[in-house]
>>> print(open('run17.cif').read())   # mmCIF, C-alpha atoms
data_start
loop_
_atom_site.label_atom_id
_atom_site.label_comp_id
_atom_site.auth_asym_id
_atom_site.auth_seq_id
_atom_site.Cartn_x
_atom_site.Cartn_y
_atom_site.Cartn_z
CA MET A 1 15.00 -0.54 -17.80
CA ASN A 2 13.97 2.89 -16.50
CA ASN A 3 12.97 3.48 -12.88
CA ALA A 4 9.30 2.72 -13.43
CA GLU A 5 10.00 -0.49 -15.35
CA THR A 6 12.47 -1.60 -12.69
CA LEU A 7 9.87 -1.05 -10.00
CA ASN A 8 7.20 -2.93 -11.91
CA ALA A 9 9.55 -5.86 -12.38
CA THR A 10 10.41 -5.69 -8.68
CA PHE A 11 6.78 -5.75 -7.58
CA ALA A 12 5.95 -8.55 -10.01
CA ALA A 13 8.85 -10.56 -8.65
CA LEU A 14 7.84 -9.89 -5.03
CA ALA A 15 4.22 -10.91 -5.68
CA ASP A 16 5.13 -14.61 -5.36
CA PRO A 17 5.67 -16.19 -1.91
CA THR A 18 8.32 -18.66 -3.12
CA ARG A 19 10.35 -15.82 -4.61
CA ARG A 20 10.03 -13.83 -1.36
CA ALA A 21 11.25 -16.85 0.57
CA ILE A 22 14.22 -17.20 -1.82
CA LEU A 23 15.11 -13.53 -1.25
CA ALA A 24 14.81 -13.97 2.51
CA ARG A 25 17.18 -16.95 2.28
CA LEU A 26 19.66 -14.96 0.16
CA ALA A 27 19.58 -12.09 2.65
CA SER A 28 21.59 -14.32 4.98
CA GLY A 29 24.21 -15.12 2.32
CA GLU A 30 24.73 -16.52 -1.19
CA ALA A 31 23.40 -19.98 -2.10
CA THR A 32 23.43 -22.42 -5.02
CA VAL A 33 20.32 -23.55 -6.90
CA SER A 34 20.27 -26.91 -5.10
CA GLU A 35 20.65 -25.20 -1.72
CA LEU A 36 17.80 -22.87 -2.60
CA ALA A 37 15.60 -25.75 -3.80
CA GLU A 38 16.13 -27.76 -0.60
CA PRO A 39 13.56 -26.16 1.76
CA PHE A 40 10.85 -26.16 -0.93
CA ASP A 41 8.86 -29.09 -2.23
CA MET A 42 9.93 -28.13 -5.72
CA SER A 43 12.13 -29.46 -8.49
CA GLN A 44 15.32 -27.63 -9.42
CA PRO A 45 13.85 -26.57 -12.80
CA ALA A 46 10.88 -25.01 -10.96
CA ILE A 47 13.24 -23.12 -8.66
CA SER A 48 15.34 -22.10 -11.67
CA LYS A 49 12.24 -20.51 -13.21
CA HIS A 50 11.74 -18.38 -10.11
CA LEU A 51 15.42 -17.48 -10.11
CA LYS A 52 15.12 -16.31 -13.72
CA VAL A 53 12.26 -13.96 -12.78
CA LEU A 54 14.32 -12.61 -9.87
CA GLU A 55 17.35 -12.24 -12.13
CA ARG A 56 15.38 -10.39 -14.80
CA ALA A 57 14.07 -8.03 -12.12
CA GLY A 58 17.68 -7.44 -11.09
CA LEU A 59 17.00 -8.69 -7.58
CA ILE A 60 19.67 -11.39 -7.69
CA VAL A 61 22.96 -11.97 -9.55
CA SER A 62 25.08 -15.04 -10.18
CA GLY A 63 28.37 -15.22 -8.29
CA GLN A 64 31.89 -15.65 -9.72
CA ASP A 65 32.28 -19.40 -9.16
CA ALA A 66 31.47 -20.85 -12.62
CA GLN A 67 30.83 -24.35 -11.28
CA ARG A 68 28.48 -23.63 -8.42
CA ARG A 69 27.03 -20.37 -9.75
CA PRO A 70 25.86 -19.22 -6.32
CA ARG A 71 23.11 -16.59 -6.37
CA LYS A 72 23.47 -13.35 -4.45
CA LEU A 73 20.97 -10.71 -3.40
CA GLU A 74 21.09 -7.39 -5.23
CA ALA A 75 19.77 -4.73 -2.87
CA LYS A 76 19.22 -1.70 -5.10
CA PRO A 77 15.89 -2.48 -6.84
CA LEU A 78 14.48 -3.76 -3.59
CA ALA A 79 15.34 -0.46 -1.96
CA GLY A 80 13.28 1.32 -4.62
CA ALA A 81 10.27 -0.83 -3.83
CA ILE A 82 10.71 -0.32 -0.10
CA THR A 83 10.97 3.44 -0.54
CA TRP A 84 7.73 3.50 -2.48
CA ILE A 85 5.91 1.39 0.10
CA GLU A 86 7.35 3.51 2.91
CA ASN A 87 6.18 6.77 1.31
CA TYR A 88 2.77 5.28 0.69
CA ARG A 89 2.63 4.01 4.26
CA GLN A 90 3.54 7.44 5.65
CA HIS A 91 0.79 9.04 3.57
CA TRP A 92 -1.85 6.71 5.03
CA GLU A 93 -0.38 6.77 8.53
CA ALA A 94 -0.76 10.57 8.62
CA ALA A 95 -4.30 10.42 7.22
CA PHE A 96 -5.37 7.65 9.60
CA GLN A 97 -3.99 9.48 12.64
CA ARG A 98 -6.22 12.40 11.64
CA LEU A 99 -9.06 9.90 11.26
CA ASP A 100 -8.35 8.63 14.83
CA GLY A 101 -8.93 12.21 15.99
CA VAL A 102 -12.21 12.53 14.08
CA LEU A 103 -13.45 9.19 15.50
CA GLU A 104 -12.66 10.32 19.06
CA GLU A 105 -14.64 13.52 18.44
CA LEU A 106 -17.56 11.52 17.05
CA LYS A 107 -17.54 9.19 20.07
CA THR A 108 -17.61 12.21 22.42
CA GLU A 109 -20.44 13.82 20.44
CA ASN A 110 -22.44 10.57 20.59
CA LYS A 111 -21.99 10.30 24.37
CA LYS A 112 -23.18 13.91 24.84
CA ARG A 113 -26.21 13.24 22.67
CA LYS A 114 -27.10 10.17 24.72
CA ARG A 115 -26.90 12.12 27.99
CA GLN A 116 -29.24 14.86 26.73
CA MET B 1 5.83 -3.25 6.93
CA THR B 2 4.12 -1.69 9.93
CA THR B 3 4.31 1.30 12.17
CA THR B 4 2.79 2.10 15.53
CA SER B 5 0.44 5.01 16.10
CA GLU B 6 -0.16 6.68 19.43
CA GLN B 7 -3.05 4.32 20.05
CA GLY B 8 -0.97 1.26 19.30
CA ASN B 9 -2.69 0.57 15.97
CA THR B 10 -0.54 -0.14 12.96
CA VAL B 11 -0.75 0.49 9.24
CA THR B 12 0.12 -2.56 7.17
CA ILE B 13 0.83 -2.33 3.44
CA THR B 14 1.13 -5.29 1.12
CA THR B 15 1.46 -5.56 -2.67
CA PRO B 16 -0.16 -8.93 -3.46
CA THR B 17 0.24 -8.42 -7.22
CA ASP B 18 2.07 -5.83 -9.31
CA ARG B 19 -1.15 -3.84 -9.77
CA GLU B 20 -2.60 -4.14 -6.28
CA VAL B 21 -1.87 -2.44 -2.99
CA VAL B 22 -3.65 -3.38 0.24
CA VAL B 23 -3.66 -1.00 3.22
CA THR B 24 -4.94 -2.23 6.60
CA ARG B 25 -5.46 -0.33 9.85
CA THR B 26 -7.48 -0.87 13.04
CA PHE B 27 -9.40 1.95 14.73
CA ASN B 28 -10.66 2.20 18.31
CA ALA B 29 -14.24 2.89 17.25
CA PRO B 30 -17.37 0.92 16.34
CA ILE B 31 -17.94 -0.05 12.71
CA ALA B 32 -20.80 2.42 12.08
CA LEU B 33 -18.63 5.40 13.07
CA VAL B 34 -15.72 4.27 10.89
CA PHE B 35 -18.01 3.69 7.93
CA ASP B 36 -19.49 7.19 8.32
CA ALA B 37 -16.04 8.74 8.69
CA VAL B 38 -14.80 7.23 5.41
CA THR B 39 -17.98 7.82 3.34
CA LYS B 40 -19.69 11.03 4.56
CA ALA B 41 -18.37 14.17 2.88
CA ASP B 42 -18.40 16.44 5.96
CA LEU B 43 -16.42 13.82 7.92
CA ILE B 44 -13.98 12.90 5.11
CA LYS B 45 -13.14 16.60 4.88
CA ARG B 46 -11.92 16.52 8.49
CA TRP B 47 -9.17 13.92 7.96
CA TYR B 48 -8.50 13.04 4.29
CA GLY B 49 -6.17 15.91 3.50
CA THR B 50 -3.78 17.83 5.73
CA PRO B 51 -5.74 20.35 7.89
CA GLY B 52 -7.46 22.96 5.76
CA SER B 53 -6.19 21.52 2.46
CA MET B 54 -9.47 20.06 1.22
CA GLU B 55 -11.25 22.74 -0.74
CA SER B 56 -14.36 20.70 -1.39
CA CYS B 57 -15.59 17.19 -0.83
CA GLU B 58 -18.60 15.46 -2.29
CA SER B 59 -19.47 11.86 -1.55
CA ASP B 60 -22.74 10.04 -2.19
CA PRO B 61 -22.24 6.49 -0.90
CA ARG B 62 -25.01 4.72 -2.84
CA PRO B 63 -24.60 2.52 -5.93
CA GLY B 64 -24.11 4.97 -8.81
CA GLY B 65 -23.41 7.84 -6.39
CA ALA B 66 -20.55 10.21 -7.20
CA LEU B 67 -17.54 11.42 -5.28
CA ARG B 68 -15.31 14.39 -5.95
CA PHE B 69 -12.41 15.43 -3.72
CA VAL B 70 -10.62 18.72 -4.43
CA THR B 71 -7.36 19.17 -2.50
CA ASN B 72 -5.17 22.29 -2.60
CA LEU B 73 -1.46 21.55 -2.91
CA GLY B 74 -0.35 25.17 -2.52
CA GLY B 75 0.93 27.51 -5.25
CA GLY B 76 -2.49 27.40 -6.90
CA LYS B 77 -2.15 23.69 -7.66
CA GLN B 78 -5.00 21.28 -7.06
CA MET B 79 -5.47 17.54 -7.04
CA VAL B 80 -8.95 16.46 -8.08
CA LEU B 81 -10.22 12.92 -7.54
CA ASN B 82 -13.46 11.88 -9.26
CA GLY B 83 -15.22 8.60 -8.71
CA VAL B 84 -18.40 6.52 -8.61
CA TYR B 85 -19.60 4.13 -5.91
CA LYS B 86 -20.30 0.75 -7.56
CA GLU B 87 -21.39 -1.39 -4.61
CA VAL B 88 -22.33 -0.28 -1.10
CA ASP B 89 -23.14 -2.59 1.81
CA ALA B 90 -23.12 -0.24 4.82
CA PRO B 91 -21.39 -0.47 7.22
CA ARG B 92 -19.35 -3.46 6.02
CA ARG B 93 -18.11 -2.75 2.52
CA PHE B 94 -18.04 -0.48 -0.49
CA LEU B 95 -16.44 -0.65 -3.91
CA ARG B 96 -15.80 2.44 -5.96
CA SER B 97 -13.91 3.42 -9.08
CA GLN B 98 -11.91 6.61 -9.15
CA ARG B 99 -9.43 8.54 -11.23
CA TRP B 100 -7.24 11.63 -10.86
CA GLU B 101 -8.22 14.55 -13.09
CA GLY B 102 -5.44 15.35 -15.57
CA GLY B 103 -3.82 11.96 -15.00
CA ASP B 104 -3.90 9.12 -17.49
CA ASP B 105 -7.23 7.64 -18.51
CA SER B 106 -7.08 4.58 -16.32
CA GLU B 107 -9.37 3.98 -13.37
CA THR B 108 -8.38 2.69 -9.97
CA LEU B 109 -10.76 0.39 -8.15
CA MET B 110 -10.90 0.85 -4.39
CA GLU B 111 -12.57 -1.75 -2.21
CA VAL B 112 -13.03 -0.97 1.47
CA THR B 113 -14.08 -3.66 3.95
CA LEU B 114 -14.70 -3.13 7.66
CA VAL B 115 -14.71 -5.80 10.35
CA GLU B 116 -15.70 -5.01 13.94
CA ASP B 117 -14.34 -6.81 16.98
CA GLN B 118 -15.17 -5.58 20.50
CA ASP B 119 -15.61 -1.87 19.67
CA ARG B 120 -12.55 -1.87 17.45
CA THR B 121 -12.84 -1.86 13.66
CA THR B 122 -10.31 -3.07 11.13
CA LEU B 123 -10.38 -1.27 7.81
CA THR B 124 -8.91 -2.89 4.70
CA GLN B 125 -8.46 -0.79 1.55
CA ARG B 126 -7.63 -2.70 -1.60
CA PHE B 127 -6.54 -0.63 -4.58
CA VAL B 128 -6.44 -2.22 -8.01
CA PHE B 129 -4.62 0.09 -10.39
CA GLY B 130 -5.93 0.18 -13.96
CA SER B 131 -2.50 0.63 -15.42
CA GLN B 132 1.04 0.26 -14.26
CA GLU B 133 1.70 3.84 -15.41
CA LEU B 134 -0.60 5.16 -12.72
CA ARG B 135 1.26 3.38 -9.98
CA ASP B 136 4.54 4.45 -11.56
CA THR B 137 3.50 8.08 -11.21
CA MET B 138 2.98 7.45 -7.53
CA LEU B 139 6.26 5.60 -7.38
CA LYS B 140 8.17 8.58 -8.71
CA PHE B 141 7.09 10.68 -5.73
CA GLY B 142 8.83 8.17 -3.51
CA LEU B 143 12.14 8.00 -5.32
CA THR B 144 14.18 10.65 -3.57
CA GLN B 145 17.86 10.14 -2.80
CA SER B 146 17.52 10.64 0.95
CA GLY B 147 14.70 8.13 0.96
CA MET B 148 16.84 5.64 -0.95
CA ASP B 149 19.80 6.02 1.43
CA ALA B 150 17.65 5.60 4.51
CA PHE B 151 16.12 2.42 3.20
CA TYR B 152 19.25 0.64 2.08
CA ALA B 153 19.98 0.46 5.77
CA ARG B 154 16.63 -1.22 6.38
CA LEU B 155 16.85 -3.94 3.75
CA ASP B 156 17.85 -6.68 6.14
CA ALA B 157 14.96 -5.84 8.45
CA LEU B 158 12.52 -6.02 5.55
CA LEU B 159 13.81 -9.32 4.29
CA VAL B 160 13.47 -10.90 7.70
CA GLY B 161 9.80 -9.94 7.56
CA LEU B 162 9.16 -11.15 4.01
#
>>> encode(input="run17.cif", output="structure tokens")
Amino acid sequence: MNNAETLNATFAALADPTRRAILARLASGEATVSELAEPFDMSQPAISKHLKVLERAGLIVSGQDAQRRPRKLEAKPLAGAITWIENYRQHWEAAFQRLDGVLEELKTENKKRKRQ
Amino acid sequence: MTTTSEQGNTVTITTPTDREVVVTRTFNAPIALVFDAVTKADLIKRWYGTPGSMESCESDPRPGGALRFVTNLGGGKQMVLNGVYKEVDAPRRFLRSQRWEGGDDSETLMEVTLVEDQDRTTLTQRFVFGSQELRDTMLKFGLTQSGMDAFYARLDALLVGL
């Protein structure tokens, strides 16, 4: 996958709350499918489906242990998504701080008009 | 992911689907002022681009009304945004379609809703991108090495908030 495809897969994977919860769980260490299924009211096959989406997006990998096949978080694609969101956020933060200034000016102008 | 402005208001960004981005921010101003500031051309010109960068701004916030933002990027380069207001319910909501000139042919839908609470107004902008390519173009701007390095360090923090 190229950068853009990776990012699309990342965002598609992150769009689901169960998958976000799985990633949050894996952020604190590797876990098996049954361990991951435990906190959810979901069957193991349902969890496995989510894991496949995360795996295809490159967000998780299977560990060495062939029996348990613990899943681990893969940080790199997530970093790409965060970078994009952060840049986007900075763009709007700067614009909205300018908008704060305009709104203050408008409020002052309105007060003056009322006094006249 | 949030950040704090001088006034204590925060920008929140979420990506509910792989084609949608939602941007939310609260302003210390009544709803009518915020609506004017985001729809009236002479006011948009005062904040939308960096100071002095907006060469021209047209905005006619009525159903069927047009908008056209021309922003100078320096070096003779310009970004031109063209759009049409589809639905307008002042001062609570508007929906418009827009596209960048010279970009791909897909339109982005932008829905803005405003909710007032005790002289403060929360603005929610929902963008629905017409194609993944369009968002990818925006993504590429963000993919710098320094940016990547800085954000590896923040992964744990993000995941706690997911």
>>> resolve_selection(input="run17.cif", expression="the PyMOL selection byres ((chain A and resi 48) around 12)", output="ChimeraX atom specification")
/A:18-19,22,32-37,42-47,49-55,69,71
>>> atom_distance(input="run17.cif", atom1="atom CA of B:Phe94", atom2="atom CA of B:Val112")
5.4 Å
>>> interface_residues(input="run17.cif", of="chain A", to="chain B", cutoff="9 Å", atoms="all atoms listed in the file", output="VMD selection string")
chain A and resid 3 to 5 7 to 17 20 to 21 23 to 25 27 to 28 75 to 76 78 to 90 92 to 104 106 to 107
>>> resolve_selection(input="run17.cif", expression="the PyMOL selection byres ((chain B and resi 57) around 9)", output="CSV table (one decimal) with C-alpha atoms, in the frame of the given file")
chain,number,residue,atom,x,y,z
B,41,ALA,CA,-18.4,14.2,2.9
B,42,ASP,CA,-18.4,16.4,6.0
B,44,ILE,CA,-14.0,12.9,5.1
B,45,LYS,CA,-13.1,16.6,4.9
B,54,MET,CA,-9.5,20.1,1.2
B,55,GLU,CA,-11.2,22.7,-0.7
B,56,SER,CA,-14.4,20.7,-1.4
B,58,GLU,CA,-18.6,15.5,-2.3
B,59,SER,CA,-19.5,11.9,-1.6
B,67,LEU,CA,-17.5,11.4,-5.3
B,68,ARG,CA,-15.3,14.4,-6.0
B,69,PHE,CA,-12.4,15.4,-3.7
B,70,VAL,CA,-10.6,18.7,-4.4
B,71,THR,CA,-7.4,19.2,-2.5
>>> resolve_selection(input="run17.cif", expression="the PyMOL selection byres ((chain B and resi 82-87) around 9)", output="number ranges by chain")
B: 59-70, 80-81, 88-89, 93-101, 107
>>> atom_distance(input="run17.cif", atom1="atom CA of A:Glu105", atom2="atom CA of B:Thr39")
16.5 Å
>>> atom_distance(input="run17.cif", atom1="atom CA of B:Phe127", atom2="atom CA of B:Ala90")
19.1 Å
>>> residues_around(input="run17.cif", residues="B:Leu114", least_positions_apart="5", cutoff="8 Å", atoms="only C-alpha atoms", output="ChimeraX atom specification")
/B:31,35,91-93,121-124
>>> write_last_selection(input="run17.cif", atoms="C-alpha atoms", output="PDB file, in the coordinates of the input")
ATOM      1  CA  ILE B  31     -17.940  -0.050  12.710  1.00  0.00           C
ATOM      2  CA  PHE B  35     -18.010   3.690   7.930  1.00  0.00           C
ATOM      3  CA  PRO B  91     -21.390  -0.470   7.220  1.00  0.00           C
ATOM      4  CA  ARG B  92     -19.350  -3.460   6.020  1.00  0.00           C
ATOM      5  CA  ARG B  93     -18.110  -2.750   2.520  1.00  0.00           C
ATOM      6  CA  THR B 121     -12.840  -1.860  13.660  1.00  0.00           C
ATOM      7  CA  THR B 122     -10.310  -3.070  11.130  1.00  0.00           C
ATOM      8  CA  LEU B 123     -10.380  -1.270   7.810  1.00  0.00           C
ATOM      9  CA  THR B 124      -8.910  -2.890   4.700  1.00  0.00           C
TER      10      THR B 124
END
>>> build_atoms(input="run17.cif", residues="stretch 25-48 of chain A", atoms="N, CA and C atoms", output="compact mmCIF listing (two decimals), in the coordinates of the input")
# COMPACT_ATOMS: atom_id res chain seq x y z
N ARG A 25 16.05 -16.04 2.10
CA ARG A 25 17.18 -16.95 2.28
C ARG A 25 18.48 -16.28 1.83
N LEU A 26 18.45 -15.59 0.70
CA LEU A 26 19.66 -14.96 0.16
C LEU A 26 20.12 -13.76 0.99
N ALA A 27 19.21 -13.21 1.78
CA ALA A 27 19.58 -12.09 2.65
C ALA A 27 20.60 -12.53 3.69
N SER A 28 20.62 -13.85 3.99
CA SER A 28 21.59 -14.32 4.98
C SER A 28 22.84 -14.90 4.32
N GLY A 29 22.99 -14.69 3.00
CA GLY A 29 24.21 -15.12 2.32
C GLY A 29 23.92 -15.83 1.01
N GLU A 30 24.94 -15.92 0.12
CA GLU A 30 24.73 -16.52 -1.19
C GLU A 30 24.42 -18.01 -1.08
N ALA A 31 23.77 -18.56 -2.11
CA ALA A 31 23.40 -19.98 -2.10
C ALA A 31 23.30 -20.50 -3.52
N THR A 32 23.56 -21.80 -3.70
CA THR A 32 23.43 -22.42 -5.02
C THR A 32 21.98 -22.80 -5.27
N VAL A 33 21.69 -23.18 -6.54
CA VAL A 33 20.32 -23.55 -6.90
C VAL A 33 19.83 -24.73 -6.05
N SER A 34 20.71 -25.73 -5.88
CA SER A 34 20.27 -26.91 -5.10
C SER A 34 20.05 -26.54 -3.64
N GLU A 35 20.87 -25.65 -3.10
CA GLU A 35 20.65 -25.20 -1.72
C GLU A 35 19.34 -24.43 -1.60
N LEU A 36 19.04 -23.66 -2.64
CA LEU A 36 17.80 -22.87 -2.60
C LEU A 36 16.57 -23.77 -2.75
N ALA A 37 16.74 -24.85 -3.54
CA ALA A 37 15.60 -25.75 -3.80
C ALA A 37 15.26 -26.59 -2.57
N GLU A 38 16.26 -26.84 -1.73
CA GLU A 38 16.13 -27.76 -0.60
C GLU A 38 14.89 -27.54 0.28
N PRO A 39 14.69 -26.32 0.82
CA PRO A 39 13.56 -26.16 1.76
C PRO A 39 12.19 -26.21 1.09
N PHE A 40 12.14 -26.16 -0.23
CA PHE A 40 10.85 -26.16 -0.93
C PHE A 40 10.55 -27.54 -1.50
N ASP A 41 9.27 -27.85 -1.60
CA ASP A 41 8.86 -29.09 -2.23
C ASP A 41 8.77 -28.83 -3.72
N MET A 42 9.91 -28.53 -4.32
CA MET A 42 9.93 -28.13 -5.72
C MET A 42 11.15 -28.71 -6.42
N SER A 43 11.01 -28.96 -7.70
CA SER A 43 12.13 -29.46 -8.49
C SER A 43 13.11 -28.32 -8.74
N GLN A 44 14.35 -28.68 -9.08
CA GLN A 44 15.32 -27.63 -9.42
C GLN A 44 14.90 -26.80 -10.62
N PRO A 45 14.32 -27.43 -11.68
CA PRO A 45 13.85 -26.57 -12.80
C PRO A 45 12.80 -25.54 -12.37
N ALA A 46 11.91 -25.94 -11.43
CA ALA A 46 10.88 -25.01 -10.96
C ALA A 46 11.53 -23.84 -10.21
N ILE A 47 12.52 -24.17 -9.38
CA ILE A 47 13.24 -23.12 -8.66
C ILE A 47 14.01 -22.24 -9.64
N SER A 48 14.60 -22.87 -10.66
CA SER A 48 15.34 -22.10 -11.67
C SER A 48 14.46 -21.08 -12.36
